[in-house]
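Structure, as structure tokens:
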Amino acid sequence: MTTPAIETILTEDRRYPPSEGFAAQANAQPAIYDEDFETFWEREGRERISWFEPFTQLYEWKPPYAKWFLGGKTNVAYNCVDRHVEAGLGDKVAFHWEGEPVDERREITFADLQRETTKLANALKALGVRKGTAVGIYMGMVPETPIAMLACARIGAPHTVVFGGFSADSLSDRLRDMECEVLITQDEAWRRGTTVPLKRTADEAVAASPSVKSVVVLRRTGNEVPMQDGRDHWWDDIAMDKTACPCEPMDAEDLLYLLYTSGTTAKPKGIVHTTAGYLTGVATTHHYIFDVKPDSVYWCAADVGWVTGHSYIVYGPLANGTTGVLYEGTPDFPDKDRWWEIVERYKVDILYTAPTAIRAHMKWGTEHAEKHDLSSLRLLGSVGEPINPEAWEWYRRHIGGGRTPVVDTWWQTETGMILITPLPGVTTTKPGSATKPFPGVDAAVYDEQGNEVGPGSGGYLVLRRPWPAMLRGIHKADDRYRETYWSKYDDVYFAGDGARIDRDGDFWLLGRVDDVMNVSGHRISTIEVESALVDHPSVAEAAVCGRTDAQTGQAIVAYVTLKGSEEASVEKLEELRNHVARKIGPIAKPANIVFTPELPKTRSGKIMRRLLRDVAEERTLGDTTTLADPAVVEEIRDRAASEKTEE
Ligand code: 7RM
């Protein structure tokens, strides 16, 4: 994969060394990289979080399963809430909440969080929730979402948060897989001035999820929604008891949550995250990478339903006692300067978002940011997909005023915490590179055979040593866990991403190497979308792939063969797109559907996705000699050119 062109580009890359001023005050100092990894995590584990009982062993590594902080007892909600109140920070703002309607704002202090999580925890207990009872959370960006997560953590009930954009089927798949007994939801959510019927979707999901006995419903929009007697309870009616609810002492390795993520099959994987290692990992990375200070106003603009929201809106920042911003709506509602108005209003000093959002702002133009005073910003972060150098430069210049460090952070739902990232004040950054492994992290690039590859060559990103927030497995799927992450190389974690390392030892992420697409930073598997399509009565067969999209990183292209009697039409195309949205969620809607009488297959019947990707990218076709019928791709290519439709 080495090309001379890459080397030329690398030597010409722009470099941004840290400014002296930032370096002098930074939480991370250069010596952090010299520390031995056990010393580093031992200290962070003891000092970054509070323990009911100290751990007796740093970690145990019996590949492919790790345990961290063995023998320790702690509680995540205690660390995120109670200990700050005990330390006299009860009046400190935990979240500046900004509703989507422009006149709705709330300030949630750490004392508020303690009171509200206590009340909800007592209500959950009254519904029969105990340590180990699984709880689903299907909500939007309201303060009650972190409150629900923390209430669960308080009593040792593991949660799964399901992104509010997911369909009833997606929700019930997760509720069933985790065997959730309670679902916490809200009447409706706001989105771009209209309402999203969360409760109605939840009802449909719960009807197909026999384990769910009770539903707790937050009133958000106040519109009428059906309530089922005996099963459904308004949050306000049951969360009344303010009696202290002690934080359940949890073993370091007790389950904190499952978060479902797309893999290479139709069934999402329940990624397992446990208590103390996860909390230490997210709190430590949050402290050093975002250079968070006691008076910081930190804004991670992700949705709580994704891992970024779990680790860097809720658990990491709150463990560090940080004041955050929580925004309910979209960046362009009611106007395209909404984000910059929020930055100005709360004097945000740290902003963490995704390349797809940055590119949307680029497209809308600089005038929206220019209307506002963004001088409070000290640091910018990026996550979710490779950031193109143009977007990186634009972000630093037009949002960061040409002065802020930009940290491009690589990590996954599975890794729980950021693993490859600059440390602001220490690292010389290059637009487009996530730079270096975080202290204690052993990342490398391997070739197909498992040899480490040298500078400039592309290969597969691997992690050779366990880290505290790493996944502890896939829920009820040991085989799949071993197969997905640990079968390509012995005892080495295979991330599923391509990467290369340059001569300075900086990492450049090259995107997924498996059948996972990344659309606006959302992970969607090709097979999930294919299954949704063939579920439609008109579809005989479907093949799906991603193609490069300037806006969303990748866009979904579907090739569909209709059943004999069906006619291809614009109406059919819309019907299929909507069907996918209904089955999975609007994020999975294909941008293009190409109708074709046949899909290109090998003689053994395997769909040749590589060729479909070539067609989608309008590249010259690769090797077609193994095709059963080589004429098929030509036909598809002609159709793709003539039927191309864009959203
Ligand atoms: C945090 C998150 C994980 C996948 C991962 C990559 C891609 C994430 C970056 C990135 C290049 C980055 N979790 N990815 N961050 N690629 N540079 N800074 O996104 O589980 O939803 O996705 O996202 O492909 O494997 S995730």
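By order in the structure tokens, chains are A, B, ...; within a chain, residues start at 1; ligands start at 1, following the order shown.
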Pick out each residue of segment 391-602 of chain A that DSSP on the backbone tags as strand (DSSP E); I need them as number ranges by chain.
A: 406-408, 443-446, 458-463, 493-501, 507-512, 516-519, 522-525, 539-549, 553-562, 592-595
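Using only C-alpha atoms and all ligand atoms, we find that the residues with an atom at most 7 Å from any atom of ligand 1 are A:Thr261, A:Trp306, A:Val307, A:Thr308, A:Ser382, A:Val383, A:Gly384, A:Glu385, A:Pro386, A:Ile387, A:Asp408, A:Thr409, A:Trp410, A:Trp411, A:Gln412, A:Thr413, A:Glu414, A:Ala434, A:Ala495, A:Gly496, A:Asp497, A:Leu509, A:Leu510, A:Gly511, A:Arg512, A:Asn518, A:Gly521, A:His522, A:Arg523.
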If we count only C-alpha atoms, what is near segment 529-546 of chain A at a cut-off of 8 Å, once residues fewer than 6 positions away on the same chain are taken out, given as a ChimeraX atom specification?
/A:266,515,517-518,554-563,566,576,579-580,583-584,588,599,607,609,612-613,616
Selection from above, N, CA, C and O atoms, as an mmCIF file, in the first residue's frame, can you write it?
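As a result, result-v2.cif now contains:
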data_model
loop_
_atom_site.group_PDB
_atom_site.id
_atom_site.type_symbol
_atom_site.label_atom_id
_atom_site.label_comp_id
_atom_site.auth_asym_id
_atom_site.auth_seq_id
_atom_site.Cartn_x
_atom_site.Cartn_y
_atom_site.Cartn_z
ATOM 1 N N ALA A 266 -26.033 -8.421 10.530
ATOM 2 C CA ALA A 266 -27.254 -7.636 10.689
ATOM 3 C C ALA A 266 -27.566 -7.361 12.159
ATOM 4 O O ALA A 266 -28.283 -6.431 12.483
ATOM 5 N N ASP A 515 -17.029 -4.359 6.505
ATOM 6 C CA ASP A 515 -18.280 -3.958 5.883
ATOM 7 C C ASP A 515 -19.062 -2.981 6.749
ATOM 8 O O ASP A 515 -20.283 -3.018 6.805
ATOM 9 N N MET A 517 -19.976 0.913 7.397
ATOM 10 C CA MET A 517 -19.918 2.255 6.789
ATOM 11 C C MET A 517 -19.913 3.286 7.911
ATOM 12 O O MET A 517 -20.298 2.996 9.040
ATOM 13 N N ASN A 518 -19.440 4.480 7.584
ATOM 14 C CA ASN A 518 -19.437 5.555 8.568
ATOM 15 C C ASN A 518 -20.120 6.762 7.928
ATOM 16 O O ASN A 518 -19.544 7.471 7.122
ATOM 17 N N GLN A 554 -19.235 9.243 4.338
ATOM 18 C CA GLN A 554 -19.709 8.228 3.402
ATOM 19 C C GLN A 554 -21.210 8.372 3.219
ATOM 20 O O GLN A 554 -21.905 8.877 4.108
ATOM 21 N N ALA A 555 -21.693 7.944 2.068
ATOM 22 C CA ALA A 555 -23.134 7.889 1.825
ATOM 23 C C ALA A 555 -23.465 6.453 1.448
ATOM 24 O O ALA A 555 -22.614 5.728 0.918
ATOM 25 N N ILE A 556 -24.694 6.039 1.735
ATOM 26 C CA ILE A 556 -25.090 4.654 1.498
ATOM 27 C C ILE A 556 -25.648 4.487 0.088
ATOM 28 O O ILE A 556 -26.543 5.218 -0.321
ATOM 29 N N VAL A 557 -25.098 3.539 -0.649
ATOM 30 C CA VAL A 557 -25.610 3.210 -1.974
ATOM 31 C C VAL A 557 -26.159 1.784 -1.919
ATOM 32 O O VAL A 557 -25.480 0.884 -1.413
ATOM 33 N N ALA A 558 -27.367 1.598 -2.415
ATOM 34 C CA ALA A 558 -27.955 0.259 -2.425
ATOM 35 C C ALA A 558 -28.213 -0.181 -3.861
ATOM 36 O O ALA A 558 -28.667 0.613 -4.685
ATOM 37 N N TYR A 559 -27.893 -1.409 -4.148
ATOM 38 C CA TYR A 559 -28.212 -2.027 -5.438
ATOM 39 C C TYR A 559 -29.307 -3.035 -5.160
ATOM 40 O O TYR A 559 -29.138 -3.900 -4.293
ATOM 41 N N VAL A 560 -30.418 -2.866 -5.852
ATOM 42 C CA VAL A 560 -31.591 -3.670 -5.519
ATOM 43 C C VAL A 560 -32.122 -4.398 -6.751
ATOM 44 O O VAL A 560 -32.292 -3.795 -7.812
ATOM 45 N N THR A 561 -32.384 -5.683 -6.586
ATOM 46 C CA THR A 561 -33.083 -6.451 -7.612
ATOM 47 C C THR A 561 -34.509 -6.672 -7.120
ATOM 48 O O THR A 561 -34.709 -7.212 -6.032
ATOM 49 N N LEU A 562 -35.457 -6.204 -7.915
ATOM 50 C CA LEU A 562 -36.857 -6.346 -7.505
ATOM 51 C C LEU A 562 -37.386 -7.721 -7.898
ATOM 52 O O LEU A 562 -36.852 -8.376 -8.795
ATOM 53 N N LYS A 563 -38.448 -8.141 -7.219
ATOM 54 C CA LYS A 563 -39.087 -9.403 -7.568
ATOM 55 C C LYS A 563 -39.711 -9.301 -8.956
ATOM 56 O O LYS A 563 -40.067 -8.196 -9.397
ATOM 57 N N GLU A 566 -42.388 -6.798 -10.112
ATOM 58 C CA GLU A 566 -42.297 -5.408 -9.658
ATOM 59 C C GLU A 566 -41.603 -4.514 -10.677
ATOM 60 O O GLU A 566 -40.650 -4.923 -11.328
ATOM 61 N N LEU A 576 -38.693 2.304 -0.719
ATOM 62 C CA LEU A 576 -37.621 1.481 -0.144
ATOM 63 C C LEU A 576 -36.763 2.285 0.821
ATOM 64 O O LEU A 576 -36.365 1.795 1.881
ATOM 65 N N HIS A 579 -38.634 2.563 3.900
ATOM 66 C CA HIS A 579 -38.696 1.267 4.576
ATOM 67 C C HIS A 579 -37.442 1.060 5.435
ATOM 68 O O HIS A 579 -37.530 0.606 6.578
ATOM 69 N N VAL A 580 -36.298 1.410 4.888
ATOM 70 C CA VAL A 580 -35.048 1.284 5.649
ATOM 71 C C VAL A 580 -35.086 2.200 6.872
ATOM 72 O O VAL A 580 -34.686 1.810 7.977
ATOM 73 N N LYS A 583 -37.199 0.540 9.419
ATOM 74 C CA LYS A 583 -36.609 -0.664 10.009
ATOM 75 C C LYS A 583 -35.438 -0.342 10.932
ATOM 76 O O LYS A 583 -35.265 -0.971 11.972
ATOM 77 N N ILE A 584 -34.602 0.597 10.542
ATOM 78 C CA ILE A 584 -33.389 0.868 11.325
ATOM 79 C C ILE A 584 -33.434 2.257 11.944
ATOM 80 O O ILE A 584 -33.195 2.436 13.139
ATOM 81 N N ALA A 588 -29.950 5.468 8.452
ATOM 82 C CA ALA A 588 -29.550 4.358 7.579
ATOM 83 C C ALA A 588 -30.186 4.433 6.190
ATOM 84 O O ALA A 588 -29.993 3.538 5.364
ATOM 85 N N LEU A 599 -27.327 -8.848 -9.514
ATOM 86 C CA LEU A 599 -26.169 -8.330 -8.781
ATOM 87 C C LEU A 599 -24.930 -9.077 -9.251
ATOM 88 O O LEU A 599 -25.013 -10.245 -9.615
ATOM 89 N N ILE A 607 -21.694 -12.030 -3.478
ATOM 90 C CA ILE A 607 -21.827 -10.713 -4.106
ATOM 91 C C ILE A 607 -20.458 -10.023 -4.098
ATOM 92 O O ILE A 607 -19.777 -10.004 -3.075
ATOM 93 N N ARG A 609 -18.822 -7.121 -3.610
ATOM 94 C CA ARG A 609 -18.992 -5.762 -3.085
ATOM 95 C C ARG A 609 -17.932 -4.798 -3.601
ATOM 96 O O ARG A 609 -18.175 -3.613 -3.762
ATOM 97 N N LEU A 612 -19.053 -3.244 -6.621
ATOM 98 C CA LEU A 612 -20.136 -2.291 -6.384
ATOM 99 C C LEU A 612 -19.576 -0.993 -5.817
ATOM 100 O O LEU A 612 -20.037 0.097 -6.139
ATOM 101 N N ARG A 613 -18.555 -1.131 -4.961
ATOM 102 C CA ARG A 613 -17.894 0.077 -4.436
ATOM 103 C C ARG A 613 -17.237 0.856 -5.574
ATOM 104 O O ARG A 613 -17.313 2.073 -5.626
ATOM 105 N N ALA A 616 -19.902 2.660 -7.327
ATOM 106 C CA ALA A 616 -20.395 3.762 -6.504
ATOM 107 C C ALA A 616 -19.422 4.936 -6.512
ATOM 108 O O ALA A 616 -19.819 6.090 -6.501
#
Could you make a table, as a Markdown table, of the residues of segment 242-351 of chain A that have an atom within 9 Å of an atom of segment 467-474 of chain A, each with its nearest atom pair and distance in Å to one decimal, counting only C-alpha atoms, in chain and number order?
| residue | atom | partner | partner_atom | distance |
| --- | --- | --- | --- | --- |
| A:Glu253 | CA | A:Arg472 | CA | 8.9 |
| A:Leu258 | CA | A:Ile474 | CA | 8.6 |
| A:Lys269 | CA | A:Ile474 | CA | 6.1 |
| A:Gly270 | CA | A:Ile474 | CA | 5.3 |
| A:Ile271 | CA | A:Ile474 | CA | 4.9 |
| A:Val272 | CA | A:Arg472 | CA | 5.3 |
| A:His273 | CA | A:Leu471 | CA | 5.4 |
| A:Thr274 | CA | A:Arg472 | CA | 7.2 |
| A:Thr275 | CA | A:Ala469 | CA | 8.8 |
| A:Ala276 | CA | A:Pro468 | CA | 8.0 |
| A:Gly277 | CA | A:Pro468 | CA | 4.2 |
| A:Tyr278 | CA | A:Ala469 | CA | 3.8 |
| A:Leu279 | CA | A:Ala469 | CA | 7.2 |
| A:Thr280 | CA | A:Pro468 | CA | 7.0 |
| A:Gly281 | CA | A:Ala469 | CA | 5.1 |
| A:Val282 | CA | A:Ala469 | CA | 7.1 |
Interatomic distance (Å, one decimal) between atom CA of Glu390 of chain A and atom CA of Leu377 of chain A:
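Between these atoms lies a distance of 20.0 Å.
Taking only C-alpha atoms into account, Pro405 of chain A lies nearest to A:Pro18 out of the set A:Pro18, A:Ile289, A:Arg219, A:Asp13.
You can rank A:Ser214, A:Glu107, A:Gly402, A:Thr526 by their closest distance to Ala126 of chain A using only C-alpha atoms, and at the top of that list sits A:Ser214.
The gap separating atom CA of Val314 of chain A from atom CA of Cys180 of chain A is 21.3 Å, in Å to one decimal.
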What parts of segment 369-572 of chain A does DSSP call alpha helix (DSSP H)? I'd like the answer as a list in words.
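Filtering segment 369-572 of chain A down to alpha helix (DSSP H) leaves Ala369, Glu370, Pro389, Glu390, Ala391, Trp392, Glu393, Trp394, Asp478, Asp479, Arg480, Tyr481, Arg482, Glu483, Thr484, Tyr485, Trp486, Thr526, Ile527, Glu528, Val529, Glu530, Ser531, Ala532, Leu533, Val534, Val570, Glu571 and Lys572 of chain A.
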Based on the selection just made, write C-alpha atoms of those residues as a PDB file, in the first residue's frame.
ATOM      1  CA  ALA A 369     -19.660  32.164  13.399  1.00  0.00           C
ATOM      2  CA  GLU A 370     -18.515  35.720  12.717  1.00  0.00           C
ATOM      3  CA  PRO A 389      -7.162  18.570   6.442  1.00  0.00           C
ATOM      4  CA  GLU A 390      -9.361  21.306   4.896  1.00  0.00           C
ATOM      5  CA  ALA A 391     -12.012  20.859   7.569  1.00  0.00           C
ATOM      6  CA  TRP A 392      -9.317  20.749  10.283  1.00  0.00           C
ATOM      7  CA  GLU A 393      -7.804  24.021   9.062  1.00  0.00           C
ATOM      8  CA  TRP A 394     -11.220  25.659   8.719  1.00  0.00           C
ATOM      9  CA  ASP A 478     -18.214 -14.858  23.362  1.00  0.00           C
ATOM     10  CA  ASP A 479     -17.591 -16.448  19.950  1.00  0.00           C
ATOM     11  CA  ARG A 480     -18.365 -13.278  18.126  1.00  0.00           C
ATOM     12  CA  TYR A 481     -16.104 -11.305  20.487  1.00  0.00           C
ATOM     13  CA  ARG A 482     -13.167 -13.611  19.814  1.00  0.00           C
ATOM     14  CA  GLU A 483     -13.871 -13.761  16.103  1.00  0.00           C
ATOM     15  CA  THR A 484     -14.343 -10.017  15.522  1.00  0.00           C
ATOM     16  CA  TYR A 485     -11.458  -8.563  17.484  1.00  0.00           C
ATOM     17  CA  TRP A 486      -9.007 -11.320  18.396  1.00  0.00           C
ATOM     18  CA  THR A 526     -23.857  -2.870   4.977  1.00  0.00           C
ATOM     19  CA  ILE A 527     -25.618  -6.072   5.987  1.00  0.00           C
ATOM     20  CA  GLU A 528     -28.022  -4.313   8.352  1.00  0.00           C
ATOM     21  CA  VAL A 529     -29.241  -2.149   5.477  1.00  0.00           C
ATOM     22  CA  GLU A 530     -29.375  -5.139   3.124  1.00  0.00           C
ATOM     23  CA  SER A 531     -31.527  -7.048   5.605  1.00  0.00           C
ATOM     24  CA  ALA A 532     -33.876  -4.092   5.930  1.00  0.00           C
ATOM     25  CA  LEU A 533     -34.206  -3.902   2.136  1.00  0.00           C
ATOM     26  CA  VAL A 534     -34.874  -7.594   1.548  1.00  0.00           C
ATOM     27  CA  VAL A 570     -39.220   6.779  -8.432  1.00  0.00           C
ATOM     28  CA  GLU A 571     -42.097   5.904  -6.087  1.00  0.00           C
ATOM     29  CA  LYS A 572     -40.631   2.467  -5.413  1.00  0.00           C
TER      30      LYS A 572
END
Report as JSON lines: every residue of segment 299-409 of chain A with an atom at most 6 Å from segment 81-101 of chain A, its closest pair of atoms, and their distance in Å to one decimal, counting only C-alpha atoms, with rows sorted by chain and ascending residue number.
{"residue": "A:Thr323", "atom": "CA", "partner": "A:Ala94", "partner_atom": "CA", "distance": 4.5}
{"residue": "A:Gly324", "atom": "CA", "partner": "A:Phe95", "partner_atom": "CA", "distance": 4.7}
{"residue": "A:Val325", "atom": "CA", "partner": "A:His96", "partner_atom": "CA", "distance": 4.7}
{"residue": "A:Leu326", "atom": "CA", "partner": "A:Trp97", "partner_atom": "CA", "distance": 4.7}
{"residue": "A:Tyr327", "atom": "CA", "partner": "A:Glu98", "partner_atom": "CA", "distance": 4.8}
{"residue": "A:Glu328", "atom": "CA", "partner": "A:Gly99", "partner_atom": "CA", "distance": 5.0}
{"residue": "A:Gly329", "atom": "CA", "partner": "A:Glu100", "partner_atom": "CA", "distance": 4.5}
Put those residues in a file: N, CA and C atoms, as an mmCIF file, in the first residue's frame.
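The new file selection-v2.cif reads:
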data_model
loop_
_atom_site.group_PDB
_atom_site.id
_atom_site.type_symbol
_atom_site.label_atom_id
_atom_site.label_comp_id
_atom_site.auth_asym_id
_atom_site.auth_seq_id
_atom_site.Cartn_x
_atom_site.Cartn_y
_atom_site.Cartn_z
ATOM 1 N N THR A 323 -18.224 21.504 34.401
ATOM 2 C CA THR A 323 -19.456 22.124 33.928
ATOM 3 C C THR A 323 -19.562 21.880 32.426
ATOM 4 N N GLY A 324 -20.705 21.332 32.010
ATOM 5 C CA GLY A 324 -20.895 21.030 30.594
ATOM 6 C C GLY A 324 -22.082 21.764 30.008
ATOM 7 N N VAL A 325 -22.152 21.718 28.674
ATOM 8 C CA VAL A 325 -23.318 22.236 27.962
ATOM 9 C C VAL A 325 -24.041 21.040 27.376
ATOM 10 N N LEU A 326 -25.362 21.050 27.462
ATOM 11 C CA LEU A 326 -26.168 19.992 26.862
ATOM 12 C C LEU A 326 -27.188 20.691 25.974
ATOM 13 N N TYR A 327 -27.134 20.439 24.672
ATOM 14 C CA TYR A 327 -28.031 21.126 23.737
ATOM 15 C C TYR A 327 -28.962 20.117 23.078
ATOM 16 N N GLU A 328 -30.248 20.433 23.131
ATOM 17 C CA GLU A 328 -31.272 19.484 22.686
ATOM 18 C C GLU A 328 -31.420 19.376 21.165
ATOM 19 N N GLY A 329 -31.102 20.448 20.449
ATOM 20 C CA GLY A 329 -31.542 20.505 19.049
ATOM 21 C C GLY A 329 -30.457 20.319 18.018
#
Quick one: pull the distance between atom CA of Thr330 of chain A and atom CA of Met362 of chain A, Å, one decimal.
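Straight-line distance from atom CA of Thr330 of chain A to atom CA of Met362 of chain A works out to 15.6 Å.
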